[in-house]
Amino acid sequence: MSAKRFEPSKIFIYLLLFLGTLAVLVPLINLLAISLTDPAQAHLMDGLSLIPKQFSLVHYEVLLRNPLVYGGILNSIWITAAGTFLNLLLTTMAAYVIAKNRFYGKGAVVVFLIIIMVFEPGLIPEYLLVKELNLLNTYTSLILYKGVNVYYLFIMMRYFQDVPDELLEAAKIDGAGHLRIYTSIMLPLSKAGIATLGLFYGVFHWNEYFRGMIYISSQEKWPLQVVLRQFVIRQDNTTILGGYENMFGGQAVDFESLQAGTIIIAIVPLLLIYPLILKYYTKGAMEGGVKE
């Protein structure tokens, strides 16, 4: 048997991937270690500490007992779930109509979508529209935003175009209408694309804070990212620590550890969802292969 040929290019690529992985993991592990360190030992932690000094969950107790934090988690879950569902529904329906149907003015519609993608309306007209619709300080203002991302729409259209027209013609001969074709043929054969866009839309809604900060005035309706910004960026400790002395008998907490814990709480849901979506993406890609 011949020995494997030494390939410096592969070693270089693996080294880059390893360094990239470290660059992502080390800060996250450091934040986790800081958040799990006892408040009395927190000052001993630095930017390279990866193991907690004297393990303690007191900072997470402070955070999760705060109605603003667990309320923000629930608000973000609702906004992300409802927004992603609406995004996928509108995007896939529009993609099916444009990619697999002929109608008068189809070219004009595509050109209009491209114009929208290139020249998005500014924040002021958007705010005035939300205000005119009486959607200020409502979850709906965040759920409806970016109902259809035109760039993602074109991606979905590409997936739908790969579905053979003969399959749709056979379904029409058997009496299937557009709704049946859309739900029973187009969606099952495009699981990979739907999973990909679902991931994109979900991450967008979960991480959105700017419009939550502008449109939502009631603190109890704040998504988690707005709470995170208020505490971590603006250093508003009273947002998180109001009355903590009464809950913990005056036990001191470390502000930096609380900030690290808030960041971890905001990141963990995405870290849990990524492997599930990627697994589904692989499965969908295999099932979506149709040969004529």
# chains A, B, ... in the order shown; residues from 1 in each chain; ligands from 1
>>> residues_around(residues="Ile185 in chain A", least_positions_apart="4", cutoff="9 Å", atoms="only C-alpha atoms", output="PyMOL selection string")
chain A and resi 163+167-168+171+180-181+189-190
>>> write_last_selection(atoms="C-alpha atoms", output="short mmCIF file (atom, residue, chain, number, x, y, z; two decimals), in the first residue's frame")
data_model
loop_
_atom_site.label_atom_id
_atom_site.label_comp_id
_atom_site.auth_asym_id
_atom_site.auth_seq_id
_atom_site.Cartn_x
_atom_site.Cartn_y
_atom_site.Cartn_z
CA VAL A 163 -38.46 20.78 -8.58
CA LEU A 167 -44.02 16.44 -11.25
CA LEU A 168 -46.33 19.42 -10.97
CA ALA A 171 -50.23 16.43 -9.89
CA ARG A 180 -52.23 20.93 -2.61
CA ILE A 181 -49.16 21.25 -4.84
CA LEU A 189 -39.08 18.66 -1.62
CA SER A 190 -37.54 21.91 -0.38
#
>>> select_by_dssp(residues="range 21-247 of chain A", states="alpha helix (DSSP H)", output="PyMOL selection string")
chain A and resi 21-35+58-64+67-100+106-118+123-132+140-143+150-161+165-173+178-181+191-207+210-215+224-228+237-241+244-247
>>> residues_around(residues="Tyr159 in chain A", least_positions_apart="3", cutoff="7 Å", atoms="only C-alpha atoms", output="PyMOL selection string")
chain A and resi 155-156+162+190+193
>>> residues_around(residues="Ala40 in chain A", least_positions_apart="4", cutoff="9 Å", atoms="only C-alpha atoms", output="count of residues only")
5
>>> closest_atom_pairs(of="range 185-231 of chain A", to="range 137-154 of chain A", cutoff="7 Å", atoms="only C-alpha atoms", output="CSV")
residue,atom,partner,partner_atom,distance
A:Leu197,CA,A:Tyr152,CA,6.8
A:Gly212,CA,A:Leu142,CA,6.8
A:Tyr215,CA,A:Asn137,CA,5.5
A:Ile216,CA,A:Asn137,CA,4.2
A:Ser217,CA,A:Asn137,CA,5.6
A:Ser218,CA,A:Asn137,CA,6.7
>>> atom_distance(atom1="CA of Gly72 in chain A", atom2="CA of Trp222 in chain A")
5.7 Å
>>> residues_around(residues="Leu128 in chain A", least_positions_apart="6", cutoff="12 Å", atoms="only C-alpha atoms", output="list in words")
Pro121, Gly122, Asn134, Leu135, Leu136, Ser141, Ile214 and Tyr215 of chain A
>>> write_last_selection(atoms="N, CA, C and O atoms", output="PDB file, in the first residue's frame")
ATOM      1  N   PRO A 121     -36.688  51.309   2.331  1.00  0.00           N
ATOM      2  CA  PRO A 121     -37.151  52.568   2.921  1.00  0.00           C
ATOM      3  C   PRO A 121     -36.372  52.891   4.184  1.00  0.00           C
ATOM      4  O   PRO A 121     -35.877  51.998   4.875  1.00  0.00           O
ATOM      5  N   GLY A 122     -36.274  54.162   4.498  1.00  0.00           N
ATOM      6  CA  GLY A 122     -35.534  54.579   5.678  1.00  0.00           C
ATOM      7  C   GLY A 122     -36.291  54.301   6.959  1.00  0.00           C
ATOM      8  O   GLY A 122     -37.460  53.895   6.961  1.00  0.00           O
ATOM      9  N   ASN A 134     -50.973  52.038  14.462  1.00  0.00           N
ATOM     10  CA  ASN A 134     -51.182  51.817  15.903  1.00  0.00           C
ATOM     11  C   ASN A 134     -50.487  50.542  16.402  1.00  0.00           C
ATOM     12  O   ASN A 134     -51.053  49.796  17.216  1.00  0.00           O
ATOM     13  N   LEU A 135     -49.284  50.317  15.911  1.00  0.00           N
ATOM     14  CA  LEU A 135     -48.538  49.122  16.295  1.00  0.00           C
ATOM     15  C   LEU A 135     -47.405  49.428  17.271  1.00  0.00           C
ATOM     16  O   LEU A 135     -46.665  48.520  17.644  1.00  0.00           O
ATOM     17  N   LEU A 136     -47.249  50.678  17.665  1.00  0.00           N
ATOM     18  CA  LEU A 136     -46.208  51.013  18.630  1.00  0.00           C
ATOM     19  C   LEU A 136     -46.477  50.320  19.953  1.00  0.00           C
ATOM     20  O   LEU A 136     -47.630  50.193  20.394  1.00  0.00           O
ATOM     21  N   SER A 141     -45.369  44.780  15.891  1.00  0.00           N
ATOM     22  CA  SER A 141     -44.447  45.639  15.153  1.00  0.00           C
ATOM     23  C   SER A 141     -43.124  44.935  14.881  1.00  0.00           C
ATOM     24  O   SER A 141     -42.480  45.183  13.855  1.00  0.00           O
ATOM     25  N   ILE A 214     -36.775  50.858  19.769  1.00  0.00           N
ATOM     26  CA  ILE A 214     -37.495  52.019  19.248  1.00  0.00           C
ATOM     27  C   ILE A 214     -39.008  51.872  19.413  1.00  0.00           C
ATOM     28  O   ILE A 214     -39.693  52.809  19.828  1.00  0.00           O
ATOM     29  N   TYR A 215     -39.535  50.685  19.087  1.00  0.00           N
ATOM     30  CA  TYR A 215     -40.981  50.510  19.033  1.00  0.00           C
ATOM     31  C   TYR A 215     -41.598  50.108  20.371  1.00  0.00           C
ATOM     32  O   TYR A 215     -42.776  50.364  20.607  1.00  0.00           O
TER      33      TYR A 215
END
>>> atom_distance(atom1="CA of Val203 in chain A", atom2="CA of Thr80 in chain A")
8.1 Å
